[in-house]
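Chemist: Below you'll find input_24.cif; it's mmCIF, C-alpha atoms.
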data_final
#
loop_
_atom_site.label_atom_id
_atom_site.label_comp_id
_atom_site.auth_asym_id
_atom_site.auth_seq_id
_atom_site.Cartn_x
_atom_site.Cartn_y
_atom_site.Cartn_z
CA MET A 1 5.16 -15.00 12.66
CA ALA A 2 1.96 -16.45 14.06
CA TRP A 3 -1.43 -16.02 12.44
CA ILE A 4 -4.45 -15.62 14.64
CA GLY A 5 -7.92 -15.75 13.09
CA VAL A 6 -9.99 -14.53 16.02
CA ALA A 7 -12.90 -12.20 15.34
CA VAL A 8 -12.76 -9.39 17.84
CA GLY A 9 -15.80 -7.33 16.87
CA VAL A 10 -14.84 -4.19 18.77
CA LEU A 11 -16.37 -1.03 17.43
CA LEU A 12 -14.29 2.10 17.77
CA LEU A 13 -16.13 5.37 17.41
CA VAL A 14 -13.67 8.00 16.37
CA THR A 15 -14.35 11.63 15.74
CA ALA A 16 -11.68 13.85 14.30
CA ALA A 17 -11.81 17.17 12.53
CA ALA A 18 -10.30 17.25 9.07
CA THR A 19 -7.38 19.43 10.08
CA VAL A 20 -4.26 19.88 8.04
CA VAL A 21 -1.46 17.71 9.36
CA GLY A 22 1.02 20.48 8.87
CA TRP A 23 2.49 20.65 5.41
CA ARG A 24 1.60 22.00 2.02
CA ASP A 25 3.59 23.05 -1.02
CA ASP A 26 1.93 25.33 -3.55
CA ASP A 27 5.03 25.42 -5.73
CA ALA A 28 6.23 22.85 -8.20
CA PRO A 29 7.58 19.69 -6.55
CA SER A 30 11.31 19.51 -6.03
CA THR A 31 13.68 16.75 -6.99
CA ALA A 32 13.89 14.12 -4.28
CA SER A 33 16.47 14.94 -1.67
CA ALA A 34 15.94 11.50 -0.12
CA ALA A 35 17.24 9.79 -3.23
CA SER A 36 20.80 8.55 -3.12
CA ASN A 37 23.41 9.57 -5.65
CA ASP A 38 22.51 6.61 -7.88
CA GLY A 39 18.85 7.70 -7.97
CA ARG A 40 17.51 5.07 -5.61
CA LEU A 41 14.86 5.87 -3.02
CA SER A 42 15.35 4.80 0.58
CA HIS A 43 12.82 2.75 2.56
CA VAL A 44 9.99 2.38 0.03
CA HIS A 45 6.77 1.30 1.78
CA GLY A 46 4.11 1.52 -0.93
CA LEU A 47 3.33 2.21 -4.56
CA GLY A 48 0.24 3.51 -6.35
CA VAL A 49 -0.68 4.96 -9.74
CA ASN A 50 -2.78 8.12 -9.78
CA PRO A 51 -5.58 7.78 -12.38
CA ALA A 52 -5.58 11.57 -12.80
CA ASP A 53 -2.14 11.66 -14.42
CA GLY A 54 -1.19 7.99 -14.91
CA GLN A 55 2.02 8.51 -12.94
CA LEU A 56 3.52 6.33 -10.23
CA TYR A 57 3.59 7.65 -6.66
CA VAL A 58 6.04 6.16 -4.16
CA ALA A 59 5.49 6.24 -0.39
CA THR A 60 8.75 6.25 1.53
CA HIS A 61 10.30 6.84 4.95
CA HIS A 62 10.82 10.46 3.86
CA GLY A 63 7.49 11.38 2.27
CA VAL A 64 5.74 10.71 -1.04
CA PHE A 65 7.46 11.00 -4.41
CA ARG A 66 6.19 11.07 -7.98
CA LEU A 67 8.04 9.43 -10.84
CA PRO A 68 7.08 11.40 -13.96
CA GLY A 69 10.13 10.36 -15.96
CA THR A 70 13.73 9.72 -14.99
CA ALA A 71 13.70 11.56 -11.64
CA ALA A 72 11.86 11.24 -8.37
CA ASP A 73 10.01 14.45 -7.47
CA ARG A 74 8.92 15.07 -3.92
CA VAL A 75 5.20 15.80 -3.71
CA GLY A 76 4.61 18.76 -1.42
CA ASP A 77 6.75 19.51 1.61
CA GLY A 78 5.66 16.46 3.61
CA ARG A 79 8.46 14.30 4.94
CA GLN A 80 6.30 12.05 7.07
CA ASP A 81 7.23 8.38 7.33
CA THR A 82 4.47 7.18 5.00
CA MET A 83 3.91 3.54 5.94
CA GLY A 84 0.42 2.51 4.80
CA PHE A 85 -0.48 4.03 1.42
CA THR A 86 -3.22 3.53 -1.15
CA VAL A 87 -4.71 5.44 -4.08
CA THR A 88 -8.50 5.57 -3.83
CA GLY A 89 -9.30 7.72 -6.89
CA PRO A 90 -8.02 10.54 -9.11
CA ASP A 91 -5.71 12.68 -6.94
CA GLU A 92 -7.11 10.95 -3.82
CA PHE A 93 -4.71 9.13 -1.49
CA LEU A 94 -4.98 7.56 1.96
CA ALA A 95 -1.95 7.03 4.15
CA SER A 96 -0.68 6.38 7.67
CA GLY A 97 2.63 6.30 9.48
CA HIS A 98 4.60 8.73 11.61
CA PRO A 99 5.38 12.46 11.48
CA ALA A 100 8.80 13.63 10.39
CA PRO A 101 11.28 14.11 13.28
CA ASP A 102 10.79 17.90 13.21
CA GLU A 103 6.97 17.77 12.91
CA ASP A 104 4.56 18.20 15.79
CA GLY A 105 1.75 15.78 16.46
CA PRO A 106 1.16 12.28 17.77
CA ALA A 107 3.65 9.50 17.11
CA HIS A 108 1.02 7.61 15.09
CA LEU A 109 -0.75 9.50 12.32
CA GLY A 110 -3.80 7.24 12.20
CA LEU A 111 -5.60 7.71 8.87
CA ILE A 112 -4.68 10.76 6.82
CA HIS A 113 -6.13 11.84 3.47
CA SER A 114 -5.05 13.90 0.48
CA ASN A 115 -7.35 15.10 -2.30
CA ASP A 116 -4.63 16.93 -4.22
CA ALA A 117 -2.29 14.05 -5.05
CA GLY A 118 -0.21 14.35 -1.90
CA ARG A 119 0.47 18.08 -1.95
CA SER A 120 -1.35 18.44 1.36
CA TRP A 121 -2.73 16.00 3.94
CA GLN A 122 -5.62 16.11 6.41
CA ALA A 123 -6.05 14.01 9.54
CA LEU A 124 -9.24 11.93 9.41
CA SER A 125 -9.29 9.51 12.34
CA LEU A 126 -7.34 7.45 14.89
CA ALA A 127 -4.58 10.04 15.29
CA GLY A 128 -2.31 8.86 18.09
CA GLN A 129 -4.04 5.47 18.16
CA ALA A 130 -3.27 3.51 14.98
CA ASP A 131 -0.16 2.97 12.88
CA PHE A 132 -1.41 1.32 9.70
CA HIS A 133 1.46 -0.35 7.87
CA LEU A 134 -1.01 -1.72 5.31
CA LEU A 135 -3.99 0.14 3.86
CA ARG A 136 -6.31 -1.29 1.21
CA PHE A 137 -9.50 0.04 -0.38
CA SER A 138 -12.33 -1.60 -2.32
CA GLY A 139 -16.02 -0.88 -2.78
CA GLY A 140 -15.98 2.06 -0.40
CA VAL A 141 -14.41 0.05 2.44
CA VAL A 142 -10.97 0.89 3.86
CA TYR A 143 -9.00 -1.90 5.51
CA GLY A 144 -6.05 -1.10 7.74
CA LEU A 145 -3.62 -3.39 9.54
CA ASP A 146 -2.38 -1.69 12.69
CA SER A 147 1.24 -2.59 13.35
CA SER A 148 1.08 -1.66 17.03
CA SER A 149 -1.77 -4.05 17.92
CA GLY A 150 -1.99 -6.46 14.98
CA ALA A 151 -5.65 -5.48 14.57
CA LEU A 152 -7.22 -5.68 11.14
CA MET A 153 -9.67 -2.78 11.09
CA ALA A 154 -12.32 -1.70 8.59
CA SER A 155 -14.22 1.52 7.94
CA SER A 156 -16.85 2.56 5.42
CA ASP A 157 -16.80 6.25 6.39
CA ARG A 158 -13.08 6.66 7.27
CA MET A 159 -14.06 7.93 10.71
CA THR A 160 -15.69 4.99 12.48
CA TRP A 161 -13.69 1.77 12.66
CA GLU A 162 -14.47 -1.84 13.51
CA THR A 163 -11.78 -4.28 14.58
CA ARG A 164 -12.43 -7.43 12.57
CA SER A 165 -9.63 -9.79 13.65
CA THR A 166 -6.01 -9.98 14.76
CA LEU A 167 -3.60 -10.77 11.98
CA GLU A 168 0.12 -10.78 11.22
CA ALA A 169 0.64 -10.48 7.48
CA TYR A 170 3.24 -9.45 4.96
CA ASP A 171 0.58 -8.05 2.64
CA LEU A 172 -3.16 -7.78 2.03
CA ALA A 173 -5.26 -7.75 -1.13
CA VAL A 174 -8.98 -7.09 -1.52
CA ASP A 175 -11.15 -8.43 -4.33
CA PRO A 176 -12.15 -5.35 -6.40
CA HIS A 177 -15.48 -7.01 -7.27
CA ARG A 178 -16.30 -8.33 -3.77
CA PRO A 179 -14.91 -6.02 -1.08
CA GLY A 180 -15.67 -8.57 1.63
CA THR A 181 -13.17 -11.05 0.15
CA LEU A 182 -9.53 -10.62 1.19
CA LEU A 183 -6.26 -12.48 0.85
CA ALA A 184 -3.38 -12.16 3.30
CA SER A 185 0.15 -13.40 2.78
CA THR A 186 1.50 -14.77 6.04
CA GLU A 187 4.38 -16.88 7.31
CA LYS A 188 2.08 -19.90 7.15
CA GLY A 189 0.93 -19.24 3.60
CA LEU A 190 -1.98 -17.46 1.99
CA ARG A 191 -5.13 -16.93 4.06
CA ARG A 192 -8.56 -16.04 2.76
CA SER A 193 -11.49 -14.22 4.31
CA THR A 194 -14.94 -13.98 2.76
CA ASP A 195 -16.55 -12.02 5.59
CA GLY A 196 -14.58 -8.79 5.50
CA GLY A 197 -11.62 -10.03 7.54
CA ARG A 198 -13.57 -11.37 10.51
CA THR A 199 -12.48 -14.98 10.02
CA TRP A 200 -9.70 -16.56 7.96
CA THR A 201 -9.04 -19.96 6.38
CA PRO A 202 -6.03 -21.40 4.51
CA ALA A 203 -6.15 -20.43 0.82
CA GLY A 204 -3.46 -22.76 -0.53
CA GLY A 205 -1.42 -21.45 -3.42
CA PRO A 206 2.16 -20.21 -3.50
CA PRO A 207 4.12 -18.85 -0.51
CA ALA A 208 3.55 -15.24 -1.58
CA MET A 209 5.02 -12.12 -0.02
CA LEU A 210 3.45 -9.26 -1.99
CA LEU A 211 -0.05 -9.16 -3.47
CA HIS A 212 -2.03 -6.96 -5.83
CA TRP A 213 -5.62 -7.66 -6.85
CA SER A 214 -6.74 -5.76 -9.93
CA ALA A 215 -9.99 -6.04 -11.84
CA ARG A 216 -8.24 -8.29 -14.36
CA GLU A 217 -6.13 -10.61 -12.22
CA LEU A 218 -4.37 -11.30 -8.94
CA VAL A 219 -0.59 -10.89 -8.99
CA ALA A 220 1.74 -12.21 -6.29
CA ILE A 221 5.50 -12.16 -5.78
CA MET A 222 7.28 -14.77 -3.71
CA ALA A 223 10.31 -14.19 -1.51
CA ASP A 224 12.67 -15.52 -4.18
CA GLY A 225 11.30 -13.01 -6.71
CA THR A 226 9.13 -15.42 -8.67
CA LEU A 227 5.99 -13.74 -10.00
CA VAL A 228 2.74 -15.72 -10.18
CA ARG A 229 -0.72 -14.77 -11.45
CA SER A 230 -4.29 -15.92 -10.95
CA VAL A 231 -7.37 -15.07 -13.00
CA ASP A 232 -9.79 -17.11 -10.86
CA ALA A 233 -9.51 -15.41 -7.46
CA ALA A 234 -6.55 -17.49 -6.27
CA ALA A 235 -8.08 -20.88 -7.09
CA THR A 236 -5.23 -21.64 -9.53
CA TRP A 237 -1.92 -19.94 -10.31
CA SER A 238 0.50 -19.71 -13.21
CA SER A 239 4.14 -18.62 -12.97
CA THR A 240 6.06 -16.20 -15.18
CA PRO A 241 9.56 -16.92 -16.52
CA GLY A 242 12.27 -14.95 -14.79
CA ARG A 243 12.43 -13.30 -11.39
CA THR A 244 12.33 -9.83 -9.98
CA PRO A 245 15.76 -8.14 -10.02
CA GLY A 246 16.08 -7.77 -6.27
CA ALA A 247 14.32 -8.47 -3.00
CA PRO A 248 10.73 -7.20 -3.38
CA ALA A 249 9.52 -4.38 -1.13
CA ALA A 250 6.32 -2.99 -2.70
CA LEU A 251 4.07 -3.88 -5.62
CA THR A 252 1.24 -2.40 -7.66
CA VAL A 253 -0.34 -3.03 -11.05
CA TYR A 254 -2.02 -0.50 -13.32
CA GLU A 255 -3.34 -1.05 -16.84
CA ASN A 256 -1.37 -4.30 -17.27
CA VAL A 257 1.91 -2.68 -16.17
CA ILE A 258 3.52 -4.13 -13.05
CA TYR A 259 5.45 -1.73 -10.82
CA LEU A 260 7.93 -3.00 -8.26
CA ALA A 261 10.13 -1.43 -5.60
CA THR A 262 13.06 -3.43 -4.25
CA ARG A 263 14.56 -3.32 -0.79
CA ASP A 264 17.69 -1.67 -2.13
CA GLY A 265 15.65 1.31 -3.35
CA ARG A 266 15.17 0.55 -7.04
CA VAL A 267 11.82 1.16 -8.75
CA LEU A 268 11.08 -0.89 -11.86
CA ARG A 269 8.27 -1.61 -14.28
CA SER A 270 7.32 -4.55 -16.46
CA SER A 271 4.87 -4.57 -19.35
CA ASP A 272 5.30 -8.28 -20.16
CA ALA A 273 3.96 -9.86 -16.95
CA GLY A 274 7.33 -9.80 -15.19
CA VAL A 275 9.45 -11.46 -17.87
CA THR A 276 11.61 -8.34 -18.20
CA TRP A 277 11.99 -5.26 -16.00
CA GLN A 278 12.97 -1.68 -16.81
CA PRO A 279 14.32 0.74 -14.19
CA MET A 280 12.30 3.91 -13.70
CA LEU A 281 15.22 5.80 -12.18
CA PRO A 282 18.66 6.12 -13.79
#
Starting from the file, give its structure as structure tokens.
Modeler:
Amino acid sequence: MAWIGVAVGVLLLVTAAATVVGWRDDDAPSTASAASNDGRLSHVHGLGVNPADGQLYVATHHGVFRLPGTAADRVGDGRQDTMGFTVTGPDEFLASGHPAPDEDGPAHLGLIHSNDAGRSWQALSLAGQADFHLLRFSGGVVYGLDSSSGALMASSDRMTWETRSTLEAYDLAVDPHRPGTLLASTEKGLRRSTDGGRTWTPAGGPPAMLLHWSARELVAIMADGTLVRSVDAAATWSSTPGRTPGAPAALTVYENVIYLATRDGRVLRSSDAGVTWQPMLP
């Protein structure tokens, strides 16, 4: 994987009506049909905690699921391949990806939005143009990494986008206090940007795969499952005893609880900084 830190500076003006993508469920969510017999979810792409209910939401190849207890409940009828996913506020989600095989619409969903915790989705912008595999939000700015072009794009209104640079990254994290400061985990190590993703420099630190930047600290997981933490914006790091119980696939942190999805479909949580992990599905 090559990293390219070239500022492109192309402004894309996108207008799109906020039309429903094509699914809504006004009934109670059903138990996940995409879960295997042992309760694992297939192809987890993202995790986020909804501040409205404090529950974990899981973005997968087969839609979005909520984990209220010991089962995975599908949220709404949507079975879209939810690639990029982020929680931006109570009951407010942003996502991207591809429609389900039996759904109409463009192959790339662009940016879609839900203001009812994933029960319904509306198209906002870049439909048919962008396939964001990573979406991050801080200080009113949305960052998206388009898998089809490698473009790192930014928007402050979710309709008009600016291409900031070209980047290949495993993950992105945005400083919650300074939305123009980003970290990217790449094949060549951590990269830092202090100008909103326009230019990048080596950041040093561990060879991280997954990142999460909360108001309290920065958490990273390496390919071997080692969890490291930084309280000074990635200037220094400290490691945690133990490793994640499986190859990491997605990560989020909420109120000092670390949530992790593994590539084999397990979803786990840790309340002791990654020393021990508890499964969230039986």
Chemist: For the structure provided, state which residues fall under the PyMOL selection byres ((chain A and resi 191) around 8), and present them as a ChimeraX atom specification.
Modeler: /A:183-186,189-190,192-193,200-204
Chemist: Find the residue from A:Glu162, A:Asp232, A:Asp146, A:Asp116 that sits nearest to Gly128 of chain A; use all atoms listed in the file when measuring.
Modeler: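 Nearest candidate to Gly128 of chain A out of A:Glu162, A:Asp232, A:Asp146, A:Asp116: A:Asp146.
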Chemist: Find the residue from A:Gly63, A:Gly225, A:Gly205, A:Gly265 that sits nearest to Trp237 of chain A; use only C-alpha atoms when measuring.
Modeler: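 Among A:Gly63, A:Gly225, A:Gly205, A:Gly265, it is A:Gly205 that comes nearest to Trp237 of chain A.
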Chemist: I'd like the neighbourhood of Ser138 of chain A as a PyMOL selection string, where a residue qualifies if any of its atoms comes within 12 Å (using all atoms listed in the file), though same-chain residues fewer than 4 positions away should be ignored.
Modeler: chain A and resi 86-89+142-144+154-156+172-182+196+213-215
Chemist: From the set A:Arg229, A:His212, A:Arg74, A:Arg198, which residue has the shortest atom-to-atom contact distance to Thr166 of chain A, counting all atoms listed in the file?
Modeler: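 Using all atoms listed in the file, Thr166 of chain A sits closest to A:Arg198.
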Chemist: I need the residue nearest Ser165 of chain A from this list: A:Asn115, A:Thr199, A:Ser42, A:Thr70. Use all atoms listed in the file for the distance.
Modeler: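 When distances to Ser165 of chain A are compared using all atoms listed in the file, the smallest one comes from A:Thr199.
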Chemist: So how far away is atom CA of Pro68 of chain A from atom CA of Arg243 of chain A, in Å?
Modeler: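 Between atom CA of Arg243 of chain A and atom CA of Pro68 of chain A the gap works out to 25.4 Å.
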Chemist: I'd like the contact shell of Ala249 of chain A - 10 Å cut-off, all atoms listed in the file, skipping same-chain residues fewer than 4 positions apart - returned as a PyMOL selection string.
Modeler: chain A and resi 43-47+209-210+221+223+260-267
Chemist: Write a file of the just-selected residues containing C-alpha atoms, as a JSON list (two decimals), in the coordinates of the input.
Modeler:
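Output contents, as saved in again-v4.json:
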[["chain", "number", "residue", "atom", "x", "y", "z"],
["A", 43, "HIS", "CA", 12.82, 2.75, 2.56],
["A", 44, "VAL", "CA", 9.99, 2.38, 0.03],
["A", 45, "HIS", "CA", 6.77, 1.30, 1.78],
["A", 46, "GLY", "CA", 4.11, 1.52, -0.93],
["A", 47, "LEU", "CA", 3.33, 2.21, -4.56],
["A", 209, "MET", "CA", 5.02, -12.12, -0.02],
["A", 210, "LEU", "CA", 3.45, -9.26, -1.99],
["A", 221, "ILE", "CA", 5.50, -12.16, -5.78],
["A", 223, "ALA", "CA", 10.31, -14.19, -1.51],
["A", 260, "LEU", "CA", 7.93, -3.00, -8.26],
["A", 261, "ALA", "CA", 10.13, -1.43, -5.60],
["A", 262, "THR", "CA", 13.06, -3.43, -4.25],
["A", 263, "ARG", "CA", 14.56, -3.32, -0.79],
["A", 264, "ASP", "CA", 17.69, -1.67, -2.13],
["A", 265, "GLY", "CA", 15.65, 1.31, -3.35],
["A", 266, "ARG", "CA", 15.17, 0.55, -7.04],
["A", 267, "VAL", "CA", 11.82, 1.16, -8.75]]
Chemist: Let me know the residues the PyMOL selection byres ((chain A and resi 51-55) around 8) catches in the file above, as a ChimeraX atom specification.
Modeler: /A:49-50,56-57,66-68,89-91
Chemist: So what do you get for atom CA of Gly118 of chain A versus atom CA of Phe137 of chain A, distance-wise?
Modeler: 17.1 Å
Chemist: Would you kindly translate the PyMOL selection byres ((chain A and resi 106) around 7) into the concrete residues it picks from this file, as number ranges by chain?
Modeler: A: 105, 107-109, 127-128
Chemist: One number please: atom CA of Ser96 of chain A to atom CA of Leu167 of chain A, in Å, one decimal.
Modeler: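 Those two atoms sit 17.9 Å apart.
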Chemist: Env of Arg269 of chain A: 7 Å cut, atoms = only C-alpha atoms, seq-sep filter 6 positions within chain, self excluded. Answer as JSON, numbers by chain.
Modeler: {"A": [257, 258, 259, 260, 277, 278, 279, 280]}
